[in-house]
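my_file-v4.txt follows (compact mmCIF, N, CA and C atoms):
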# COMPACT_ATOMS: atom_id res chain seq x y z
N ILE M 1 51.82 -24.07 -68.07
CA ILE M 1 51.40 -25.45 -67.98
C ILE M 1 52.50 -26.29 -67.34
N GLY M 2 53.74 -26.08 -67.78
CA GLY M 2 54.86 -26.86 -67.26
C GLY M 2 55.08 -26.65 -65.78
N ILE M 3 54.97 -25.41 -65.32
CA ILE M 3 55.15 -25.10 -63.89
C ILE M 3 54.09 -25.82 -63.06
N ASN M 4 52.86 -25.83 -63.54
CA ASN M 4 51.79 -26.53 -62.81
C ASN M 4 52.01 -28.03 -62.79
N GLN M 5 52.55 -28.59 -63.87
CA GLN M 5 52.85 -30.02 -63.89
C GLN M 5 53.95 -30.36 -62.89
N LEU M 6 54.94 -29.48 -62.75
CA LEU M 6 56.02 -29.73 -61.79
C LEU M 6 55.50 -29.84 -60.36
N LYS M 7 54.42 -29.13 -60.06
CA LYS M 7 53.83 -29.21 -58.73
C LYS M 7 53.30 -30.62 -58.43
N LYS M 8 52.97 -31.37 -59.48
CA LYS M 8 52.42 -32.72 -59.33
C LYS M 8 53.50 -33.80 -59.40
N LEU M 9 54.71 -33.42 -59.72
CA LEU M 9 55.77 -34.38 -60.02
C LEU M 9 56.02 -35.38 -58.89
N LYS M 10 56.15 -34.92 -57.66
CA LYS M 10 56.45 -35.82 -56.54
C LYS M 10 55.34 -36.86 -56.37
N LYS M 11 54.09 -36.42 -56.45
CA LYS M 11 52.97 -37.34 -56.30
C LYS M 11 52.97 -38.38 -57.42
N ILE M 12 53.18 -37.93 -58.66
CA ILE M 12 53.20 -38.84 -59.82
C ILE M 12 54.32 -39.86 -59.67
N CYS M 13 55.50 -39.40 -59.30
CA CYS M 13 56.65 -40.30 -59.14
C CYS M 13 56.39 -41.34 -58.05
N ASN M 14 55.81 -40.92 -56.94
CA ASN M 14 55.52 -41.85 -55.85
C ASN M 14 54.50 -42.92 -56.24
N ILE M 15 53.49 -42.53 -57.01
CA ILE M 15 52.49 -43.50 -57.48
C ILE M 15 53.15 -44.51 -58.41
N ARG M 16 53.97 -44.03 -59.35
CA ARG M 16 54.65 -44.94 -60.27
C ARG M 16 55.60 -45.88 -59.52
N HIS M 17 56.24 -45.38 -58.49
CA HIS M 17 57.13 -46.20 -57.66
C HIS M 17 56.34 -47.33 -57.00
N LYS M 18 55.21 -47.00 -56.40
CA LYS M 18 54.37 -48.02 -55.77
C LYS M 18 53.87 -49.03 -56.79
N ASN M 19 53.46 -48.53 -57.96
CA ASN M 19 52.98 -49.43 -59.02
C ASN M 19 54.06 -50.41 -59.44
N PHE M 20 55.30 -49.92 -59.57
CA PHE M 20 56.41 -50.78 -59.97
C PHE M 20 56.52 -51.97 -59.02
N PHE M 21 56.44 -51.71 -57.72
CA PHE M 21 56.60 -52.79 -56.74
C PHE M 21 55.36 -53.67 -56.62
N ILE M 22 54.20 -53.16 -57.00
CA ILE M 22 53.02 -54.02 -57.08
C ILE M 22 53.22 -55.03 -58.21
N TYR M 23 53.64 -54.52 -59.38
CA TYR M 23 53.95 -55.43 -60.50
C TYR M 23 54.98 -56.47 -60.06
N LYS M 24 56.07 -56.00 -59.47
CA LYS M 24 57.17 -56.89 -59.10
C LYS M 24 56.70 -57.99 -58.15
N SER M 25 55.82 -57.65 -57.23
CA SER M 25 55.34 -58.65 -56.25
C SER M 25 54.37 -59.64 -56.88
N LYS M 26 53.66 -59.24 -57.92
CA LYS M 26 52.65 -60.10 -58.54
C LYS M 26 53.18 -60.88 -59.74
N LEU M 27 54.34 -60.50 -60.24
CA LEU M 27 54.93 -61.18 -61.40
C LEU M 27 56.28 -61.79 -61.00
N LYS M 28 56.27 -62.58 -59.96
CA LYS M 28 57.50 -63.15 -59.40
C LYS M 28 58.20 -64.12 -60.34
N ASN M 29 57.48 -64.73 -61.27
CA ASN M 29 58.09 -65.68 -62.19
C ASN M 29 58.67 -65.00 -63.43
N PHE M 30 58.59 -63.69 -63.50
CA PHE M 30 59.05 -62.94 -64.65
C PHE M 30 60.27 -62.11 -64.29
N TRP M 31 61.09 -61.86 -65.30
CA TRP M 31 62.25 -60.99 -65.10
C TRP M 31 61.78 -59.60 -64.72
N SER M 32 62.53 -58.97 -63.83
CA SER M 32 62.27 -57.59 -63.45
C SER M 32 63.60 -56.87 -63.27
N GLN M 33 63.61 -55.62 -63.63
CA GLN M 33 64.84 -54.85 -63.44
C GLN M 33 65.11 -54.68 -61.96
N ASP M 34 66.39 -54.60 -61.63
CA ASP M 34 66.81 -54.26 -60.28
C ASP M 34 67.31 -52.83 -60.31
N SER M 35 67.10 -52.13 -59.23
CA SER M 35 67.54 -50.74 -59.17
C SER M 35 68.04 -50.42 -57.78
N GLN M 36 69.10 -49.65 -57.75
CA GLN M 36 69.63 -49.17 -56.48
C GLN M 36 69.03 -47.81 -56.11
N LEU M 37 68.16 -47.29 -56.96
CA LEU M 37 67.54 -45.99 -56.73
C LEU M 37 66.52 -46.08 -55.59
N SER M 38 66.37 -45.00 -54.87
CA SER M 38 65.37 -44.98 -53.80
C SER M 38 63.97 -44.71 -54.37
N LEU M 39 63.91 -44.26 -55.62
CA LEU M 39 62.64 -43.99 -56.27
C LEU M 39 62.70 -44.50 -57.71
N VAL M 40 61.84 -45.45 -58.06
CA VAL M 40 61.74 -45.97 -59.42
C VAL M 40 60.45 -45.41 -60.01
N SER M 41 60.57 -44.54 -60.99
CA SER M 41 59.39 -43.87 -61.55
C SER M 41 59.35 -44.05 -63.06
N SER M 42 59.28 -45.29 -63.50
CA SER M 42 59.29 -45.59 -64.94
C SER M 42 57.90 -45.45 -65.53
N PHE M 43 57.83 -45.14 -66.83
CA PHE M 43 56.54 -45.02 -67.51
C PHE M 43 55.94 -46.38 -67.82
N GLY M 44 56.76 -47.42 -67.73
CA GLY M 44 56.29 -48.77 -68.00
C GLY M 44 57.05 -49.77 -67.16
N TYR M 45 56.44 -50.91 -66.93
CA TYR M 45 57.09 -52.00 -66.21
C TYR M 45 57.63 -52.96 -67.26
N ALA M 46 58.93 -53.13 -67.30
CA ALA M 46 59.57 -53.95 -68.32
C ALA M 46 59.72 -55.40 -67.86
N THR M 47 59.46 -56.31 -68.79
CA THR M 47 59.71 -57.73 -68.56
C THR M 47 59.90 -58.43 -69.90
N PHE M 48 60.12 -59.74 -69.86
CA PHE M 48 60.31 -60.53 -71.08
C PHE M 48 59.35 -61.70 -71.09
N VAL M 49 58.77 -61.95 -72.27
CA VAL M 49 57.89 -63.11 -72.45
C VAL M 49 58.19 -63.76 -73.80
N LYS M 50 58.10 -65.09 -73.82
CA LYS M 50 58.34 -65.84 -75.07
C LYS M 50 57.28 -65.53 -76.11
N ASN M 51 56.04 -65.38 -75.66
CA ASN M 51 54.90 -65.21 -76.56
C ASN M 51 54.39 -63.77 -76.53
N ARG M 52 55.29 -62.84 -76.82
CA ARG M 52 54.96 -61.41 -76.72
C ARG M 52 53.78 -61.02 -77.60
N THR M 53 53.71 -61.52 -78.82
CA THR M 53 52.62 -61.14 -79.73
C THR M 53 51.27 -61.56 -79.15
N LYS M 54 51.20 -62.77 -78.63
CA LYS M 54 49.95 -63.27 -78.03
C LYS M 54 49.56 -62.40 -76.83
N VAL M 55 50.53 -62.10 -75.97
CA VAL M 55 50.26 -61.28 -74.78
C VAL M 55 49.82 -59.88 -75.19
N PHE M 56 50.51 -59.31 -76.18
CA PHE M 56 50.14 -57.99 -76.67
C PHE M 56 48.69 -57.98 -77.14
N LYS M 57 48.29 -58.97 -77.92
CA LYS M 57 46.92 -59.04 -78.44
C LYS M 57 45.90 -59.21 -77.31
N LEU M 58 46.22 -60.07 -76.34
CA LEU M 58 45.31 -60.26 -75.19
C LEU M 58 45.10 -58.96 -74.43
N LEU M 59 46.19 -58.25 -74.18
CA LEU M 59 46.09 -56.99 -73.45
C LEU M 59 45.35 -55.94 -74.28
N LYS M 60 45.64 -55.88 -75.57
CA LYS M 60 44.97 -54.92 -76.44
C LYS M 60 43.46 -55.17 -76.47
N ASN M 61 43.06 -56.45 -76.51
CA ASN M 61 41.63 -56.79 -76.50
C ASN M 61 40.94 -56.37 -75.21
N LYS M 62 41.72 -56.17 -74.15
CA LYS M 62 41.18 -55.70 -72.87
C LYS M 62 41.39 -54.20 -72.70
N ASN M 63 41.75 -53.51 -73.80
CA ASN M 63 42.02 -52.07 -73.80
C ASN M 63 43.16 -51.68 -72.87
N ILE M 64 44.16 -52.53 -72.80
CA ILE M 64 45.36 -52.25 -72.01
C ILE M 64 46.50 -51.99 -72.98
N GLN M 65 47.03 -50.78 -72.94
CA GLN M 65 48.11 -50.42 -73.85
C GLN M 65 49.44 -50.98 -73.37
N THR M 66 50.20 -51.46 -74.31
CA THR M 66 51.54 -51.96 -74.04
C THR M 66 52.39 -51.66 -75.26
N ARG M 67 53.68 -51.90 -75.15
CA ARG M 67 54.57 -51.68 -76.29
C ARG M 67 55.80 -52.55 -76.14
N PRO M 68 56.50 -52.75 -77.24
CA PRO M 68 57.76 -53.50 -77.15
C PRO M 68 58.76 -52.76 -76.27
N LEU M 69 59.59 -53.51 -75.61
CA LEU M 69 60.63 -52.92 -74.76
C LEU M 69 61.62 -52.17 -75.63
N ILE M 70 61.94 -50.97 -75.24
CA ILE M 70 62.81 -50.05 -75.97
C ILE M 70 62.19 -49.83 -77.35
N CYS M 71 62.96 -49.83 -78.38
CA CYS M 71 62.41 -49.62 -79.73
C CYS M 71 62.97 -50.64 -80.70
N GLY M 72 63.38 -51.76 -80.18
CA GLY M 72 63.89 -52.81 -81.05
C GLY M 72 65.41 -52.82 -81.09
N ASN M 73 65.92 -53.72 -81.87
CA ASN M 73 67.36 -53.89 -82.03
C ASN M 73 67.87 -52.87 -83.04
N MET M 74 68.59 -51.88 -82.57
CA MET M 74 69.12 -50.85 -83.47
C MET M 74 70.03 -51.45 -84.53
N GLY M 75 70.65 -52.59 -84.22
CA GLY M 75 71.51 -53.25 -85.18
C GLY M 75 70.78 -53.73 -86.41
N GLN M 76 69.45 -53.79 -86.35
CA GLN M 76 68.65 -54.20 -87.50
C GLN M 76 68.23 -53.02 -88.38
N GLN M 77 68.53 -51.81 -87.94
CA GLN M 77 68.16 -50.62 -88.70
C GLN M 77 69.10 -50.46 -89.90
N PRO M 78 68.56 -50.10 -91.07
CA PRO M 78 69.38 -50.02 -92.28
C PRO M 78 70.63 -49.15 -92.14
N PHE M 79 70.53 -48.01 -91.46
CA PHE M 79 71.70 -47.14 -91.34
C PHE M 79 72.83 -47.80 -90.55
N LEU M 80 72.47 -48.64 -89.58
CA LEU M 80 73.49 -49.29 -88.77
C LEU M 80 74.00 -50.58 -89.40
N LYS M 81 73.19 -51.21 -90.22
CA LYS M 81 73.62 -52.43 -90.91
C LYS M 81 74.83 -52.15 -91.82
N LYS M 82 74.92 -50.91 -92.30
CA LYS M 82 76.07 -50.53 -93.13
C LYS M 82 77.36 -50.49 -92.33
N ILE M 83 77.24 -50.20 -91.04
CA ILE M 83 78.42 -50.07 -90.16
C ILE M 83 78.75 -51.40 -89.49
N ILE M 84 77.72 -52.06 -88.95
CA ILE M 84 77.91 -53.33 -88.24
C ILE M 84 77.59 -54.46 -89.21
N LYS M 85 78.60 -55.17 -89.63
CA LYS M 85 78.41 -56.21 -90.64
C LYS M 85 77.85 -57.51 -90.05
N ASN M 86 78.21 -57.84 -88.79
CA ASN M 86 77.77 -59.08 -88.18
C ASN M 86 76.79 -58.77 -87.04
N ASN M 87 75.51 -58.60 -87.38
CA ASN M 87 74.49 -58.28 -86.39
C ASN M 87 74.18 -59.44 -85.47
N ASN M 88 74.64 -60.64 -85.80
CA ASN M 88 74.40 -61.81 -84.94
C ASN M 88 75.13 -61.69 -83.62
N ASP M 89 76.15 -60.82 -83.55
CA ASP M 89 76.88 -60.62 -82.31
C ASP M 89 76.07 -59.86 -81.27
N LEU M 90 74.97 -59.27 -81.66
CA LEU M 90 74.15 -58.46 -80.76
C LEU M 90 73.07 -59.34 -80.11
N ILE M 91 73.52 -60.39 -79.41
CA ILE M 91 72.56 -61.38 -78.90
C ILE M 91 71.63 -60.79 -77.84
N ASN M 92 72.11 -59.91 -77.00
CA ASN M 92 71.23 -59.30 -75.99
C ASN M 92 70.21 -58.38 -76.64
N ALA M 93 70.66 -57.59 -77.62
CA ALA M 93 69.75 -56.71 -78.33
C ALA M 93 68.68 -57.52 -79.07
N ASN M 94 69.09 -58.64 -79.68
CA ASN M 94 68.13 -59.50 -80.36
C ASN M 94 67.12 -60.09 -79.38
N PHE M 95 67.59 -60.48 -78.20
CA PHE M 95 66.71 -61.05 -77.17
C PHE M 95 65.67 -60.02 -76.74
N VAL M 96 66.12 -58.81 -76.43
CA VAL M 96 65.21 -57.75 -76.00
C VAL M 96 64.23 -57.41 -77.11
N ASP M 97 64.73 -57.34 -78.34
CA ASP M 97 63.89 -57.01 -79.49
C ASP M 97 62.77 -58.05 -79.66
N LYS M 98 63.08 -59.30 -79.43
CA LYS M 98 62.11 -60.38 -79.65
C LYS M 98 61.16 -60.58 -78.47
N ASN M 99 61.63 -60.38 -77.24
CA ASN M 99 60.86 -60.79 -76.05
C ASN M 99 60.45 -59.66 -75.10
N GLY M 100 61.00 -58.48 -75.27
CA GLY M 100 60.75 -57.41 -74.31
C GLY M 100 59.38 -56.77 -74.46
N ILE M 101 58.76 -56.47 -73.32
CA ILE M 101 57.44 -55.83 -73.31
C ILE M 101 57.36 -54.85 -72.13
N TYR M 102 56.74 -53.71 -72.39
CA TYR M 102 56.44 -52.74 -71.33
C TYR M 102 54.98 -52.87 -70.97
N LEU M 103 54.70 -52.98 -69.69
CA LEU M 103 53.34 -52.93 -69.17
C LEU M 103 53.10 -51.51 -68.68
N PRO M 104 51.87 -51.03 -68.71
CA PRO M 104 51.63 -49.63 -68.37
C PRO M 104 51.93 -49.31 -66.91
N ASN M 105 52.46 -48.13 -66.69
CA ASN M 105 52.68 -47.61 -65.35
C ASN M 105 52.51 -46.10 -65.40
N HIS M 106 51.37 -45.63 -64.94
CA HIS M 106 51.12 -44.19 -64.93
C HIS M 106 50.39 -43.82 -63.64
N ALA M 107 50.31 -42.54 -63.39
CA ALA M 107 49.78 -42.06 -62.11
C ALA M 107 48.30 -42.34 -61.92
N ASN M 108 47.57 -42.58 -63.00
CA ASN M 108 46.14 -42.87 -62.88
C ASN M 108 45.84 -44.36 -62.82
N LEU M 109 46.86 -45.18 -62.89
CA LEU M 109 46.70 -46.63 -62.86
C LEU M 109 46.38 -47.08 -61.43
N GLN M 110 45.31 -47.81 -61.29
CA GLN M 110 44.88 -48.28 -59.98
C GLN M 110 45.46 -49.66 -59.69
N PRO M 111 45.69 -49.98 -58.41
CA PRO M 111 46.17 -51.33 -58.06
C PRO M 111 45.27 -52.43 -58.61
N SER M 112 43.96 -52.21 -58.67
CA SER M 112 43.06 -53.23 -59.23
C SER M 112 43.32 -53.45 -60.71
N GLU M 113 43.73 -52.41 -61.42
CA GLU M 113 44.06 -52.55 -62.84
C GLU M 113 45.37 -53.31 -63.01
N ILE M 114 46.32 -53.07 -62.12
CA ILE M 114 47.58 -53.82 -62.15
C ILE M 114 47.29 -55.29 -61.86
N ASP M 115 46.40 -55.56 -60.92
CA ASP M 115 45.99 -56.95 -60.63
C ASP M 115 45.47 -57.63 -61.89
N LYS M 116 44.62 -56.93 -62.62
CA LYS M 116 44.03 -57.48 -63.85
C LYS M 116 45.13 -57.79 -64.87
N ILE M 117 46.05 -56.88 -65.05
CA ILE M 117 47.15 -57.08 -66.00
C ILE M 117 48.01 -58.26 -65.57
N CYS M 118 48.32 -58.34 -64.30
CA CYS M 118 49.16 -59.43 -63.78
C CYS M 118 48.47 -60.78 -63.90
N LYS M 119 47.17 -60.81 -63.70
CA LYS M 119 46.44 -62.07 -63.86
C LYS M 119 46.53 -62.57 -65.30
N ILE M 120 46.43 -61.65 -66.25
CA ILE M 120 46.56 -62.02 -67.66
C ILE M 120 47.95 -62.58 -67.91
N LEU M 121 48.98 -61.89 -67.42
CA LEU M 121 50.35 -62.36 -67.64
C LEU M 121 50.59 -63.70 -66.96
N ASN M 122 50.18 -63.82 -65.73
CA ASN M 122 50.41 -65.07 -65.00
C ASN M 122 49.66 -66.24 -65.62
N THR M 123 48.57 -65.96 -66.32
CA THR M 123 47.78 -67.02 -66.94
C THR M 123 48.27 -67.37 -68.34
N TYR M 124 48.62 -66.37 -69.13
CA TYR M 124 48.87 -66.60 -70.56
C TYR M 124 50.32 -66.39 -71.02
N ALA M 125 51.07 -65.59 -70.30
CA ALA M 125 52.42 -65.27 -70.76
C ALA M 125 53.41 -66.36 -70.35
N GLU M 126 54.41 -66.57 -71.20
CA GLU M 126 55.47 -67.53 -70.93
C GLU M 126 56.74 -66.76 -70.57
N PRO M 127 57.10 -66.74 -69.28
CA PRO M 127 58.31 -66.00 -68.88
C PRO M 127 59.56 -66.53 -69.56
N ILE M 128 60.50 -65.65 -69.79
CA ILE M 128 61.79 -66.04 -70.36
C ILE M 128 62.85 -65.12 -69.75
N PHE M 129 64.03 -65.67 -69.55
CA PHE M 129 65.14 -64.93 -68.96
C PHE M 129 66.32 -64.95 -69.89
N PHE M 130 67.24 -64.00 -69.70
CA PHE M 130 68.49 -63.99 -70.46
C PHE M 130 69.23 -65.29 -70.25
N LYS M 131 69.83 -65.80 -71.29
CA LYS M 131 70.73 -66.94 -71.16
C LYS M 131 72.15 -66.39 -71.12
N LYS M 132 72.79 -66.54 -69.99
CA LYS M 132 74.14 -65.99 -69.84
C LYS M 132 75.20 -67.00 -70.14
Kindly transcribe the structure held in the file into structure tokens.
Amino acid sequence: IGINQLKKLKKICNIRHKNFFIYKSKLKNFWSQDSQLSLVSSFGYATFVKNRTKVFKLLKNKNIQTRPLICGNMGQQPFLKKIIKNNNDLINANFVDKNGIYLPNHANLQPSEIDKICKILNTYAEPIFFKK
């Protein structure tokens, strides 16, 4: 099974790369990662929104899967709270934990589906950027 999947790898990566740049072009008011790589093949398109819960619910109601960016602030995990006494110093981790969202990016995702997702974000989501 794995050998057969490897035969599809280049095609899958190229589709995800194209999808990434479709998102980037349609979500110009939102944060987007920059990359020096010649091929960006992420499983999700990452961005930040102030109203992540609202956006998540809107997308879920349209049967569009999404998830929080990364897996939250590790500094809030009980095992790490014992080591790091002042979790307030993790301002970037807190920001990502509160505002980060992954939009779907897979090889079966069609440009028309990305359009639909972007229209929802451009209409209902409130962009937010890091405060440096």
* To do: Write out as an NGL selection string all residues of chain M that DSSP puts in helix (DSSP H, G or I) for this structure's backbone.
  => :M and (2-26 or 52-61 or 74-76 or 78-81 or 87-89 or 91-99 or 111-124)
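Each of M:Ile120, M:Ala46, M:Leu37, M:Ile1 was checked against Leu59 (chain M) using all atoms listed in the file; the smallest atom-to-atom distance is that of M:Ile120.
Nearest to Leu121 (chain M) of all the residues M:Asn94, M:Asn29, M:Ser41, M:Asn105 is M:Asn29, counting only C-alpha atoms.
Residues within 12 Å of Lys54 (chain M), counting only C-alpha atoms and excluding same-chain residues fewer than 6 positions away, are Lys60, Asn61, Asn99, Ile101, Ile120, Leu121, Thr123, Tyr124, Ala125 and Glu126 of chain M.
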For Pro104 (chain M), please output as a compact mmCIF listing (two decimals) with N, CA and C atoms, in the coordinates of the input all residues within 8 Å (counting only N, CA and C atoms; exclusion window: fewer than 5 positions along the same chain).
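Once written, selection-v5.txt looks like this:
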# COMPACT_ATOMS: atom_id res chain seq x y z
N ASN M 19 53.46 -48.53 -57.96
CA ASN M 19 52.98 -49.43 -59.02
C ASN M 19 54.06 -50.41 -59.44
N SER M 42 59.28 -45.29 -63.50
CA SER M 42 59.29 -45.59 -64.94
C SER M 42 57.90 -45.45 -65.53
N PHE M 43 57.83 -45.14 -66.83
CA PHE M 43 56.54 -45.02 -67.51
C PHE M 43 55.94 -46.38 -67.82
N GLY M 44 56.76 -47.42 -67.73
CA GLY M 44 56.29 -48.77 -68.00
C GLY M 44 57.05 -49.77 -67.16
N TYR M 45 56.44 -50.91 -66.93
CA TYR M 45 57.09 -52.00 -66.21
C TYR M 45 57.63 -52.96 -67.26
N ALA M 46 58.93 -53.13 -67.30
CA ALA M 46 59.57 -53.95 -68.32
C ALA M 46 59.72 -55.40 -67.86
N ILE M 64 44.16 -52.53 -72.80
CA ILE M 64 45.36 -52.25 -72.01
C ILE M 64 46.50 -51.99 -72.98
N GLN M 65 47.03 -50.78 -72.94
CA GLN M 65 48.11 -50.42 -73.85
C GLN M 65 49.44 -50.98 -73.37
N THR M 66 50.20 -51.46 -74.31
CA THR M 66 51.54 -51.96 -74.04
C THR M 66 52.39 -51.66 -75.26
N ARG M 67 53.68 -51.90 -75.15
CA ARG M 67 54.57 -51.68 -76.29
C ARG M 67 55.80 -52.55 -76.14
N LEU M 109 46.86 -45.18 -62.89
CA LEU M 109 46.70 -46.63 -62.86
C LEU M 109 46.38 -47.08 -61.43
N ILE M 114 46.32 -53.07 -62.12
CA ILE M 114 47.58 -53.82 -62.15
C ILE M 114 47.29 -55.29 -61.86
* Which residue gives the smallest distance to Phe48 (chain M) among M:Leu103, M:Ile12, M:Ile91, M:Leu6, with only C-alpha atoms counted? ->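 Closest residue, counting only C-alpha atoms: M:Leu103.
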* Hey, can you check how far CA of Trp31 (chain M) sits from CA of Leu80 (chain M)? ->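 A separation of 28.7 Å between them.
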* To do: Have a look at CA of Val55 (chain M) and CA of Leu69 (chain M) and let me know their distance in Å, one decimal.
  =>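 It comes out at 13.3 Å.
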* How many Å separate atom C of Phe30 (chain M) from atom C of Met74 (chain M)? ->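 Answer for the atom C of Phe30 (chain M) to atom C of Met74 (chain M) separation: 24.9 Å.
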* To do: Quick one: everything within 12 Å of Asp89 (chain M), counting only C-alpha atoms, minus sequence neighbours fewer than 5 positions away in the same chain. Send it as a PyMOL selection string.
  => chain M and resi 73+75-76+84+94-95
* With only C-alpha atoms as the atoms that count, which of M:Pro111, M:Pro127, M:Pro78, M:Pro68 lies nearest to Thr53 (chain M)? ->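 For Thr53 (chain M), the nearest of the given residues is M:Pro68.
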* Find the residue from M:Lys98, M:Lys116, M:Lys7, M:Lys131 that sits nearest to Asn63 (chain M); use only C-alpha atoms when measuring. =>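 Closest residue, counting only C-alpha atoms: M:Lys116.
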* If we count only C-alpha atoms, what is near Lys26 (chain M) at a cut-off of 10 Å, once residues fewer than 2 positions away on the same chain are taken out, given as a list in words? -> Phe21, Ile22, Tyr23, Lys24, Lys28, Asn29, Phe30, Ile114, Asp115, Ile117, Cys118, Lys119, Leu121 and Asn122 of chain M
* To do: Please identify which residues in chain M DSSP calls strand (DSSP E) from the backbone, and express them as a PyMOL selection string.
  => chain M and resi 44-48+67-68+100-104
How about completing region 52-68 of chain M with N, CA, C and O atoms and giving it to me as a PDB file, in the frame of the given file?
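Done, and the output landed in selection-v4.pdb:
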ATOM      1  N   ARG M  52      55.290 -62.840 -76.820  1.00  0.00           N
ATOM      2  CA  ARG M  52      54.960 -61.410 -76.720  1.00  0.00           C
ATOM      3  C   ARG M  52      53.780 -61.020 -77.600  1.00  0.00           C
ATOM      4  O   ARG M  52      52.922 -60.255 -77.175  1.00  0.00           O
ATOM      5  N   THR M  53      53.710 -61.520 -78.820  1.00  0.00           N
ATOM      6  CA  THR M  53      52.620 -61.140 -79.730  1.00  0.00           C
ATOM      7  C   THR M  53      51.270 -61.560 -79.150  1.00  0.00           C
ATOM      8  O   THR M  53      50.315 -60.787 -79.160  1.00  0.00           O
ATOM      9  N   LYS M  54      51.200 -62.770 -78.630  1.00  0.00           N
ATOM     10  CA  LYS M  54      49.950 -63.270 -78.030  1.00  0.00           C
ATOM     11  C   LYS M  54      49.560 -62.400 -76.830  1.00  0.00           C
ATOM     12  O   LYS M  54      48.405 -61.993 -76.691  1.00  0.00           O
ATOM     13  N   VAL M  55      50.530 -62.100 -75.970  1.00  0.00           N
ATOM     14  CA  VAL M  55      50.260 -61.280 -74.780  1.00  0.00           C
ATOM     15  C   VAL M  55      49.820 -59.880 -75.190  1.00  0.00           C
ATOM     16  O   VAL M  55      48.863 -59.332 -74.638  1.00  0.00           O
ATOM     17  N   PHE M  56      50.510 -59.310 -76.180  1.00  0.00           N
ATOM     18  CA  PHE M  56      50.140 -57.990 -76.670  1.00  0.00           C
ATOM     19  C   PHE M  56      48.690 -57.980 -77.140  1.00  0.00           C
ATOM     20  O   PHE M  56      47.916 -57.080 -76.793  1.00  0.00           O
ATOM     21  N   LYS M  57      48.290 -58.970 -77.920  1.00  0.00           N
ATOM     22  CA  LYS M  57      46.920 -59.040 -78.440  1.00  0.00           C
ATOM     23  C   LYS M  57      45.900 -59.210 -77.310  1.00  0.00           C
ATOM     24  O   LYS M  57      44.834 -58.592 -77.334  1.00  0.00           O
ATOM     25  N   LEU M  58      46.220 -60.070 -76.340  1.00  0.00           N
ATOM     26  CA  LEU M  58      45.310 -60.260 -75.190  1.00  0.00           C
ATOM     27  C   LEU M  58      45.100 -58.960 -74.430  1.00  0.00           C
ATOM     28  O   LEU M  58      43.976 -58.607 -74.080  1.00  0.00           O
ATOM     29  N   LEU M  59      46.190 -58.250 -74.180  1.00  0.00           N
ATOM     30  CA  LEU M  59      46.090 -56.990 -73.450  1.00  0.00           C
ATOM     31  C   LEU M  59      45.350 -55.940 -74.280  1.00  0.00           C
ATOM     32  O   LEU M  59      44.505 -55.201 -73.761  1.00  0.00           O
ATOM     33  N   LYS M  60      45.640 -55.880 -75.570  1.00  0.00           N
ATOM     34  CA  LYS M  60      44.970 -54.920 -76.440  1.00  0.00           C
ATOM     35  C   LYS M  60      43.460 -55.170 -76.470  1.00  0.00           C
ATOM     36  O   LYS M  60      42.670 -54.225 -76.439  1.00  0.00           O
ATOM     37  N   ASN M  61      43.060 -56.450 -76.510  1.00  0.00           N
ATOM     38  CA  ASN M  61      41.630 -56.790 -76.500  1.00  0.00           C
ATOM     39  C   ASN M  61      40.940 -56.370 -75.210  1.00  0.00           C
ATOM     40  O   ASN M  61      39.720 -56.219 -75.179  1.00  0.00           O
ATOM     41  N   LYS M  62      41.720 -56.170 -74.150  1.00  0.00           N
ATOM     42  CA  LYS M  62      41.180 -55.700 -72.870  1.00  0.00           C
ATOM     43  C   LYS M  62      41.390 -54.200 -72.700  1.00  0.00           C
ATOM     44  O   LYS M  62      41.256 -53.651 -71.599  1.00  0.00           O
ATOM     45  N   ASN M  63      41.750 -53.510 -73.800  1.00  0.00           N
ATOM     46  CA  ASN M  63      42.020 -52.070 -73.800  1.00  0.00           C
ATOM     47  C   ASN M  63      43.160 -51.680 -72.870  1.00  0.00           C
ATOM     48  O   ASN M  63      43.123 -50.621 -72.231  1.00  0.00           O
ATOM     49  N   ILE M  64      44.160 -52.530 -72.800  1.00  0.00           N
ATOM     50  CA  ILE M  64      45.360 -52.250 -72.010  1.00  0.00           C
ATOM     51  C   ILE M  64      46.500 -51.990 -72.980  1.00  0.00           C
ATOM     52  O   ILE M  64      46.860 -52.858 -73.769  1.00  0.00           O
ATOM     53  N   GLN M  65      47.030 -50.780 -72.940  1.00  0.00           N
ATOM     54  CA  GLN M  65      48.110 -50.420 -73.850  1.00  0.00           C
ATOM     55  C   GLN M  65      49.440 -50.980 -73.370  1.00  0.00           C
ATOM     56  O   GLN M  65      49.734 -50.953 -72.183  1.00  0.00           O
ATOM     57  N   THR M  66      50.200 -51.460 -74.310  1.00  0.00           N
ATOM     58  CA  THR M  66      51.540 -51.960 -74.040  1.00  0.00           C
ATOM     59  C   THR M  66      52.390 -51.660 -75.260  1.00  0.00           C
ATOM     60  O   THR M  66      51.885 -51.211 -76.281  1.00  0.00           O
ATOM     61  N   ARG M  67      53.680 -51.900 -75.150  1.00  0.00           N
ATOM     62  CA  ARG M  67      54.570 -51.680 -76.290  1.00  0.00           C
ATOM     63  C   ARG M  67      55.800 -52.550 -76.140  1.00  0.00           C
ATOM     64  O   ARG M  67      56.103 -53.002 -75.039  1.00  0.00           O
ATOM     65  N   PRO M  68      56.500 -52.750 -77.240  1.00  0.00           N
ATOM     66  CA  PRO M  68      57.760 -53.500 -77.150  1.00  0.00           C
ATOM     67  C   PRO M  68      58.760 -52.760 -76.270  1.00  0.00           C
ATOM     68  O   PRO M  68      58.745 -51.534 -76.199  1.00  0.00           O
TER      69      PRO M  68
END
